[in-house]
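S.K.: One file: data.cif (mmCIF, C-alpha atoms and all ligand atoms).
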data_entry
loop_
_atom_site.label_atom_id
_atom_site.label_comp_id
_atom_site.auth_asym_id
_atom_site.auth_seq_id
_atom_site.Cartn_x
_atom_site.Cartn_y
_atom_site.Cartn_z
CA MET A 149 -18.42 -6.53 -11.63
CA ILE A 150 -15.78 -3.85 -12.15
CA LYS A 151 -13.10 -4.65 -14.72
CA THR A 152 -9.69 -4.28 -13.08
CA PRO A 153 -6.67 -2.99 -15.04
CA SER A 154 -4.42 -5.63 -16.60
CA THR A 155 -1.20 -3.84 -15.62
CA ILE A 156 -0.42 -2.68 -12.12
CA ALA A 157 2.61 -0.65 -11.02
CA ILE A 158 4.04 -1.04 -7.53
CA LEU A 159 6.60 1.50 -6.31
CA GLY A 160 9.06 -0.22 -3.96
CA ALA A 161 10.46 -3.74 -4.01
CA GLY A 162 10.24 -4.74 -0.38
CA ARG A 163 7.99 -6.98 1.71
CA VAL A 164 4.78 -5.20 0.77
CA ALA A 165 5.61 -5.14 -2.94
CA THR A 166 6.42 -8.85 -2.80
CA SER A 167 3.09 -9.69 -1.18
CA LEU A 168 1.06 -7.49 -3.54
CA ALA A 169 2.89 -8.73 -6.63
CA SER A 170 2.25 -12.34 -5.57
CA GLY A 171 -1.45 -11.65 -5.10
CA PHE A 172 -1.89 -9.77 -8.36
CA ALA A 173 0.18 -12.25 -10.37
CA LYS A 174 -2.15 -15.06 -9.22
CA SER A 175 -5.08 -13.16 -10.65
CA GLY A 176 -3.33 -12.72 -13.97
CA HIS A 177 -2.12 -9.11 -13.79
CA GLN A 178 1.10 -7.85 -15.35
CA ILE A 179 3.21 -6.27 -12.63
CA ILE A 180 5.79 -3.51 -13.03
CA ILE A 181 7.87 -2.76 -9.97
CA GLY A 182 9.28 0.74 -9.66
CA VAL A 183 12.75 0.73 -8.13
CA ARG A 184 15.40 3.37 -7.59
CA ASP A 185 18.03 1.38 -9.45
CA ALA A 186 16.28 -0.03 -12.52
CA GLY A 187 18.13 -3.36 -12.42
CA HIS A 188 16.67 -6.55 -10.94
CA PRO A 189 17.09 -6.29 -7.13
CA ALA A 190 19.13 -9.26 -5.89
CA SER A 191 16.80 -9.62 -2.92
CA TRP A 192 13.57 -9.96 -4.98
CA SER A 193 11.75 -13.16 -3.99
CA GLY A 194 8.39 -12.43 -5.55
CA PRO A 195 6.86 -13.67 -8.81
CA GLU A 196 8.12 -12.80 -12.26
CA VAL A 197 7.70 -9.05 -12.78
CA ARG A 198 9.24 -6.25 -14.80
CA PHE A 199 11.47 -3.74 -13.03
CA ALA A 200 11.63 -0.12 -14.12
CA THR A 201 12.38 3.33 -12.79
CA HIS A 202 9.55 4.92 -10.83
CA PRO A 203 8.57 7.24 -13.74
CA ASP A 204 8.60 4.38 -16.25
CA ALA A 205 6.55 2.14 -13.94
CA ILE A 206 3.99 4.93 -13.43
CA ALA A 207 3.79 5.58 -17.18
CA ALA A 208 3.00 1.92 -17.84
CA ALA A 209 -0.03 1.55 -15.55
CA ASP A 210 -3.25 3.33 -14.61
CA VAL A 211 -3.14 1.96 -11.07
CA VAL A 212 -0.01 2.62 -9.00
CA PHE A 213 0.64 1.29 -5.49
CA ASN A 214 2.88 3.25 -3.12
CA ALA A 215 4.87 0.61 -1.21
CA THR A 216 7.79 2.85 -0.30
CA PRO A 217 8.69 4.42 3.07
CA GLY A 218 5.93 6.72 4.29
CA ASP A 219 8.25 9.29 5.82
CA SER A 220 9.50 10.37 2.39
CA SER A 221 6.43 9.57 0.27
CA VAL A 222 4.96 13.07 -0.02
CA ASP A 223 8.18 14.59 -1.34
CA ARG A 224 8.94 11.65 -3.63
CA LEU A 225 5.49 11.27 -5.16
CA GLY A 226 4.78 15.00 -5.14
CA ALA A 227 7.81 15.44 -7.39
CA MET A 228 6.15 13.06 -9.89
CA ALA A 229 2.76 14.85 -9.89
CA ASP A 230 2.70 15.24 -13.67
CA ALA A 231 3.41 11.53 -14.24
CA LEU A 232 0.73 10.58 -11.69
CA ALA A 233 -1.93 12.93 -13.12
CA GLY A 234 -5.02 10.94 -14.12
CA LYS A 235 -3.84 7.80 -12.32
CA LEU A 236 -5.25 5.96 -9.33
CA LEU A 237 -2.66 5.94 -6.51
CA VAL A 238 -3.20 3.29 -3.86
CA ASP A 239 -1.27 4.29 -0.75
CA VAL A 240 -0.41 1.43 1.61
CA ALA A 241 2.47 3.21 3.37
CA ASN A 242 2.62 3.77 7.10
CA ALA A 243 2.55 7.43 8.15
CA THR A 244 5.18 6.88 10.79
CA GLY A 245 8.84 7.25 11.42
CA ARG A 246 10.87 4.05 11.65
CA ASP A 247 12.85 2.65 14.54
CA GLU A 248 16.29 1.06 14.19
CA ARG A 249 14.65 -2.24 13.06
CA GLY A 250 12.47 -0.46 10.49
CA ALA A 251 9.30 -0.92 12.58
CA PRO A 252 6.74 1.93 12.72
CA SER A 253 7.59 4.46 15.43
CA GLY A 254 5.75 7.74 16.07
CA MET A 255 3.11 9.36 13.85
CA LEU A 256 4.36 11.81 11.24
CA TYR A 257 1.25 13.97 11.02
CA PHE A 258 -1.08 15.35 13.70
CA ASN A 259 -4.76 15.98 12.80
CA ASP A 260 -3.76 15.02 9.27
CA SER A 261 -2.63 11.94 7.37
CA LEU A 262 -0.14 10.85 4.77
CA ALA A 263 -3.03 10.02 2.44
CA GLU A 264 -4.45 13.54 2.71
CA ARG A 265 -1.02 15.06 2.11
CA LEU A 266 -0.58 12.88 -0.96
CA GLN A 267 -4.03 13.89 -2.25
CA SER A 268 -3.15 17.59 -1.75
CA ALA A 269 0.23 17.19 -3.44
CA LEU A 270 -1.40 15.24 -6.30
CA PRO A 271 -4.64 17.09 -7.11
CA LEU A 272 -5.05 15.35 -10.48
CA THR A 273 -4.55 11.88 -9.00
CA ARG A 274 -7.24 9.84 -7.24
CA VAL A 275 -5.67 8.64 -3.97
CA VAL A 276 -7.08 5.65 -2.07
CA LYS A 277 -5.65 4.55 1.28
CA THR A 278 -5.91 0.87 2.12
CA LEU A 279 -4.10 -2.22 3.46
CA ASN A 280 -1.67 -0.41 5.80
CA THR A 281 -3.31 -1.94 8.90
CA MET A 282 -1.90 -5.46 8.51
CA LEU A 283 1.33 -7.37 8.12
CA ALA A 284 2.44 -7.51 4.48
CA PRO A 285 1.73 -11.23 3.79
CA VAL A 286 -1.89 -10.80 4.96
CA MET A 287 -2.52 -8.18 2.24
CA SER A 288 -2.60 -10.83 -0.46
CA ASN A 289 -3.67 -13.75 1.75
CA PRO A 290 -6.33 -12.60 4.24
CA ALA A 291 -7.18 -16.24 5.07
CA MET A 292 -3.83 -16.60 6.87
CA VAL A 293 -5.19 -14.85 9.99
CA LEU A 294 -7.75 -16.40 12.32
CA GLY A 295 -11.23 -14.90 12.33
CA SER A 296 -12.43 -12.40 9.75
CA PRO A 297 -9.95 -9.57 9.14
CA ALA A 298 -11.03 -6.12 7.99
CA VAL A 299 -9.47 -3.92 5.34
CA TYR A 300 -10.33 -0.22 5.06
CA LEU A 301 -10.81 2.12 2.11
CA SER A 302 -10.45 5.91 2.33
CA GLY A 303 -10.68 8.17 -0.69
CA ASN A 304 -12.68 10.93 -2.33
CA ASP A 305 -13.48 9.14 -5.58
CA ALA A 306 -16.12 6.40 -5.52
CA ASP A 307 -14.99 4.84 -8.81
CA ALA A 308 -11.39 4.68 -7.62
CA LYS A 309 -12.50 2.94 -4.42
CA ALA A 310 -14.63 0.52 -6.45
CA THR A 311 -11.57 -0.42 -8.51
CA VAL A 312 -9.48 -0.98 -5.36
CA ARG A 313 -12.30 -3.05 -3.85
CA ALA A 314 -12.34 -5.24 -6.96
CA LEU A 315 -8.55 -5.69 -6.77
CA LEU A 316 -8.85 -6.68 -3.10
CA ILE A 317 -11.54 -9.22 -3.93
CA GLU A 318 -9.27 -10.72 -6.59
CA MET A 319 -6.64 -11.20 -3.85
CA GLY A 320 -9.06 -13.14 -1.67
CA TRP A 321 -10.83 -10.48 0.39
CA VAL A 322 -14.57 -10.93 0.89
CA ASP A 323 -16.80 -7.96 0.11
CA THR A 324 -18.09 -7.70 3.71
CA GLN A 325 -14.50 -7.50 5.03
CA ILE A 326 -13.85 -4.35 2.99
CA LEU A 327 -14.99 -1.31 4.97
CA ASP A 328 -15.33 1.92 3.00
CA LEU A 329 -14.75 4.54 5.70
CA GLY A 330 -15.46 7.53 3.44
CA SER A 331 -13.36 10.45 2.21
CA ILE A 332 -9.57 10.63 2.22
CA GLU A 333 -9.74 12.29 5.65
CA THR A 334 -10.83 8.94 7.13
CA ALA A 335 -7.32 7.60 6.49
CA ARG A 336 -6.34 9.19 9.81
CA GLY A 337 -7.75 6.28 11.83
CA PRO A 338 -6.17 3.41 9.86
CA GLU A 339 -2.87 5.31 9.79
CA ALA A 340 -2.88 5.95 13.55
CA VAL A 341 -3.77 2.42 14.75
CA ILE A 342 -0.63 0.93 13.27
CA LEU A 343 1.29 2.08 16.36
CA LEU A 344 -0.79 -0.39 18.36
CA ALA A 345 0.48 -3.27 16.23
CA THR A 346 4.12 -2.45 16.90
CA ASP A 347 3.65 -2.51 20.67
CA VAL A 348 1.41 -5.59 20.59
CA MET A 349 4.01 -7.51 18.60
CA LYS A 350 6.64 -6.67 21.20
CA VAL A 351 4.43 -8.58 23.68
CA THR A 352 3.03 -11.38 21.52
CA GLY A 353 5.89 -11.88 19.07
CA PHE A 354 5.92 -11.36 15.34
CA LYS A 355 2.72 -12.89 13.95
CA PRO A 356 0.49 -12.11 10.97
CA PHE A 357 -2.20 -9.61 11.98
CA ALA A 358 -4.84 -7.29 10.53
CA ILE A 359 -6.21 -4.62 12.86
CA SER A 360 -9.95 -5.32 12.77
CA PRO A 361 -13.07 -4.52 14.78
CA VAL A 362 -14.53 -7.47 16.70
CA SER A 363 -18.27 -7.32 17.29
N1 LIG B 1 6.05 -4.63 6.04
C1 LIG B 1 4.78 -4.57 6.43
O1 LIG B 1 4.25 -5.55 7.00
C2 LIG B 1 3.95 -3.34 6.15
C3 LIG B 1 2.59 -3.39 6.47
C4 LIG B 1 1.79 -2.28 6.18
C5 LIG B 1 2.37 -1.15 5.59
N2 LIG B 1 3.70 -1.12 5.31
C6 LIG B 1 4.26 0.08 4.68
O2 LIG B 1 4.47 -0.20 3.29
C7 LIG B 1 5.64 0.48 2.82
C8 LIG B 1 6.65 -0.55 2.33
O3 LIG B 1 6.97 -1.41 3.42
P1 LIG B 1 7.97 -2.64 3.23
O4 LIG B 1 7.89 -3.42 4.48
O5 LIG B 1 7.75 -3.30 1.92
O6 LIG B 1 9.35 -1.87 3.23
P2 LIG B 1 10.76 -2.42 2.76
O7 LIG B 1 10.77 -3.91 2.80
O8 LIG B 1 11.75 -1.64 3.56
O9 LIG B 1 10.80 -1.95 1.22
C9 LIG B 1 10.60 -0.60 0.85
C10 LIG B 1 11.05 -0.45 -0.58
O10 LIG B 1 10.98 0.95 -0.87
C11 LIG B 1 12.09 1.32 -1.65
N3 LIG B 1 12.67 2.50 -1.05
C12 LIG B 1 13.28 2.62 0.13
N4 LIG B 1 13.65 3.89 0.35
C13 LIG B 1 13.29 4.56 -0.74
C14 LIG B 1 13.39 5.92 -1.14
N5 LIG B 1 13.96 6.83 -0.35
N6 LIG B 1 12.92 6.26 -2.35
C15 LIG B 1 12.33 5.33 -3.15
N7 LIG B 1 12.20 4.05 -2.84
C16 LIG B 1 12.67 3.67 -1.64
C17 LIG B 1 13.08 0.19 -1.67
O11 LIG B 1 13.16 -0.32 -2.98
P3 LIG B 1 14.37 0.05 -3.97
O12 LIG B 1 15.53 0.47 -3.11
O13 LIG B 1 14.62 -1.20 -4.69
O14 LIG B 1 13.90 1.11 -4.85
C18 LIG B 1 12.50 -0.88 -0.78
O15 LIG B 1 12.54 -2.15 -1.36
C19 LIG B 1 6.17 1.30 4.01
O16 LIG B 1 5.59 2.57 3.96
C20 LIG B 1 5.60 0.53 5.21
O17 LIG B 1 5.46 1.36 6.34
C21 LIG B 1 4.51 -2.20 5.59
#
Translate the structure described by the file into structure tokens.
M.R.:
Amino acid sequence: MIKTPSTIAILGAGRVATSLASGFAKSGHQIIIGVRDAGHPASWSGPEVRFATHPDAIAAADVVFNATPGDSSVDRLGAMADALAGKLLVDVANATGRDERGAPSGMLYFNDSLAERLQSALPLTRVVKTLNTMLAPVMSNPAMVLGSPAVYLSGNDADAKATVRALLIEMGWVDTQILDLGSIETARGPEAVILLATDVMKVTGFKPFAISPVS
């Protein structure tokens, strides 16, 4: 079994960061949340964590999650390429614009993906795309949806994907639910299908989901 890192950095302090921090805290990890204003955000409802600036959070961990808005991620993370060199960046952001309620609206990249753009902007960082295809609470609690949800991995580095797989298993995912799609280019599919979820929720209401093949 792969040994996962004891400290994990999460950039962003929103719904996704809260879910991930809860999941990782349960499995005994130290969590550092990267925020724009290094104080404790009043709205934080997750477990006990440390808050730091993005550069300080990145410096403290070998594995860094991007849980910030996807439409500004390439510029923001690209500007921190030196700090991210040698790290494993796990990108869970949606590659979409956002509507007035903050819901995904319209793909940002055609015949391309946010994950690929991040990998190009960060050549010394191993980027793995995962977890963007579900509602935030499901990320750290896959048992909350009916049936067997899937989670996808896309990335060029097999060791990096093995580490992310091990972190997912610690959060309750079963090995057979984790589908390694291949290189970073395969992030295009998981990034594109998120538009389906937005429209489905307009019909069915706001419920936990994970976009998964049924066979
Ligand atoms: N919510 C979901 O169910 C879900 C599911 C799958 C994927 N995602 C994706 O995951 C990412 C995070 O989603 P979320 O729902 O957690 O969003 P959120 O609740 O809006 O939180 C995003 C966090 O990012 C930080 N942030 C916002 N603008 C920023 C900027 N310009 N520069 C740096 N930091 C900024 C903010 O933290 P500070 O202001 O404290 O720094 C904020 O707490 C997004 O890309 C989203 O599309 C969300």
S.K.: Just want the 9 Å neighbourhood of region 283-295 of chain A, counted on all atoms listed in the file, with same-chain residues fewer than 3 positions away dropped. Output as a ChimeraX atom specification.
M.R.: /A:163-172,279-280,298-299,316,319-321,355-358
S.K.: Could those selected residues go to a file with C-alpha atoms, as a compact mmCIF listing (two decimals), in the coordinates of the input?
M.R.:
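As written to disk, selection.txt reads:
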# COMPACT_ATOMS: atom_id res chain seq x y z
CA ARG A 163 7.99 -6.98 1.71
CA VAL A 164 4.78 -5.20 0.77
CA ALA A 165 5.61 -5.14 -2.94
CA THR A 166 6.42 -8.85 -2.80
CA SER A 167 3.09 -9.69 -1.18
CA LEU A 168 1.06 -7.49 -3.54
CA ALA A 169 2.89 -8.73 -6.63
CA SER A 170 2.25 -12.34 -5.57
CA GLY A 171 -1.45 -11.65 -5.10
CA PHE A 172 -1.89 -9.77 -8.36
CA LEU A 279 -4.10 -2.22 3.46
CA ASN A 280 -1.67 -0.41 5.80
CA ALA A 298 -11.03 -6.12 7.99
CA VAL A 299 -9.47 -3.92 5.34
CA LEU A 316 -8.85 -6.68 -3.10
CA MET A 319 -6.64 -11.20 -3.85
CA GLY A 320 -9.06 -13.14 -1.67
CA TRP A 321 -10.83 -10.48 0.39
CA LYS A 355 2.72 -12.89 13.95
CA PRO A 356 0.49 -12.11 10.97
CA PHE A 357 -2.20 -9.61 11.98
CA ALA A 358 -4.84 -7.29 10.53
S.K.: Which residues sit within 9 Å of ligand LIG 1 (chain B), counting all atoms listed in the file, listed as a PyMOL selection string?
M.R.: chain A and resi 159-167+181-189+191-192+201-202+214-221+224+239-246+250-252+279-287+342+356
S.K.: Which value, in Å to one decimal, gives the distance between CA of Pro338 (chain A) and CA of Ile156 (chain A)?
M.R.: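 These two atoms are separated by 23.5 Å.
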S.K.: I want to know what sits within 12 Å of Ala314 (chain A), based on all atoms listed in the file, with residues of the same chain fewer than 6 positions away left out; could you give that as a tab-separated table (two decimals) with C-alpha atoms, in the coordinates of the input?
M.R.:
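So the final result, stored in out_12.tsv, reads:
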chain	number	residue	atom	x	y	z
A	149	MET	CA	-18.42	-6.53	-11.63
A	150	ILE	CA	-15.78	-3.85	-12.15
A	151	LYS	CA	-13.10	-4.65	-14.72
A	152	THR	CA	-9.69	-4.28	-13.08
A	153	PRO	CA	-6.67	-2.99	-15.04
A	172	PHE	CA	-1.89	-9.77	-8.36
A	175	SER	CA	-5.08	-13.16	-10.65
A	301	LEU	CA	-10.81	2.12	2.11
A	307	ASP	CA	-14.99	4.84	-8.81
A	308	ALA	CA	-11.39	4.68	-7.62
A	320	GLY	CA	-9.06	-13.14	-1.67
A	321	TRP	CA	-10.83	-10.48	0.39
A	322	VAL	CA	-14.57	-10.93	0.89
A	323	ASP	CA	-16.80	-7.96	0.11
A	326	ILE	CA	-13.85	-4.35	2.99
S.K.: Considering all atoms listed in the file, state which residue in the set A:Val222, A:Ala229, A:Ala310, A:Ala190 is at the smallest distance from Pro203 (chain A).
M.R.: A:Ala229
S.K.: Please build the interface table for region 245-281 of chain A against region 231-235 of chain A with a cut-off of 12 Å, listing for each qualifying residue the nearest atom pair and the distance in Å to one decimal; count only C-alpha atoms, order rows by chain and increasing number, and write it as JSON lines.
M.R.:
{"residue": "A:Leu266", "atom": "CA", "partner": "A:Leu232", "partner_atom": "CA", "distance": 11.1}
{"residue": "A:Gln267", "atom": "CA", "partner": "A:Leu232", "partner_atom": "CA", "distance": 11.1}
{"residue": "A:Ala269", "atom": "CA", "partner": "A:Leu232", "partner_atom": "CA", "distance": 10.6}
{"residue": "A:Leu270", "atom": "CA", "partner": "A:Ala233", "partner_atom": "CA", "distance": 7.2}
{"residue": "A:Pro271", "atom": "CA", "partner": "A:Ala233", "partner_atom": "CA", "distance": 7.8}
{"residue": "A:Leu272", "atom": "CA", "partner": "A:Ala233", "partner_atom": "CA", "distance": 4.7}
{"residue": "A:Thr273", "atom": "CA", "partner": "A:Ala233", "partner_atom": "CA", "distance": 5.0}
{"residue": "A:Arg274", "atom": "CA", "partner": "A:Lys235", "partner_atom": "CA", "distance": 6.4}
{"residue": "A:Val275", "atom": "CA", "partner": "A:Lys235", "partner_atom": "CA", "distance": 8.6}
{"residue": "A:Val276", "atom": "CA", "partner": "A:Lys235", "partner_atom": "CA", "distance": 11.0}
S.K.: So how many Å separate CA of Gly330 (chain A) and CA of Ile317 (chain A), to one decimal?
M.R.: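 We find that CA of Gly330 (chain A) and CA of Ile317 (chain A) lie 18.7 Å from each other.
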S.K.: Find the residue from A:Leu344, A:Pro297, A:Leu236, A:Ala227 that sits nearest to Gly254 (chain A); use only C-alpha atoms when measuring.
M.R.: A:Leu344
S.K.: Work out how far apart CA of Ser193 (chain A) and CA of Ala173 (chain A) are and give it in Å to one decimal.
M.R.: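 For CA of Ser193 (chain A) relative to CA of Ala173 (chain A), the distance reads 13.2 Å.
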S.K.: Using all atoms listed in the file, which residue out of A:Val348, A:Ile158, A:Val238, A:Ala207 lies closest to Gly303 (chain A)?
M.R.: A:Val238
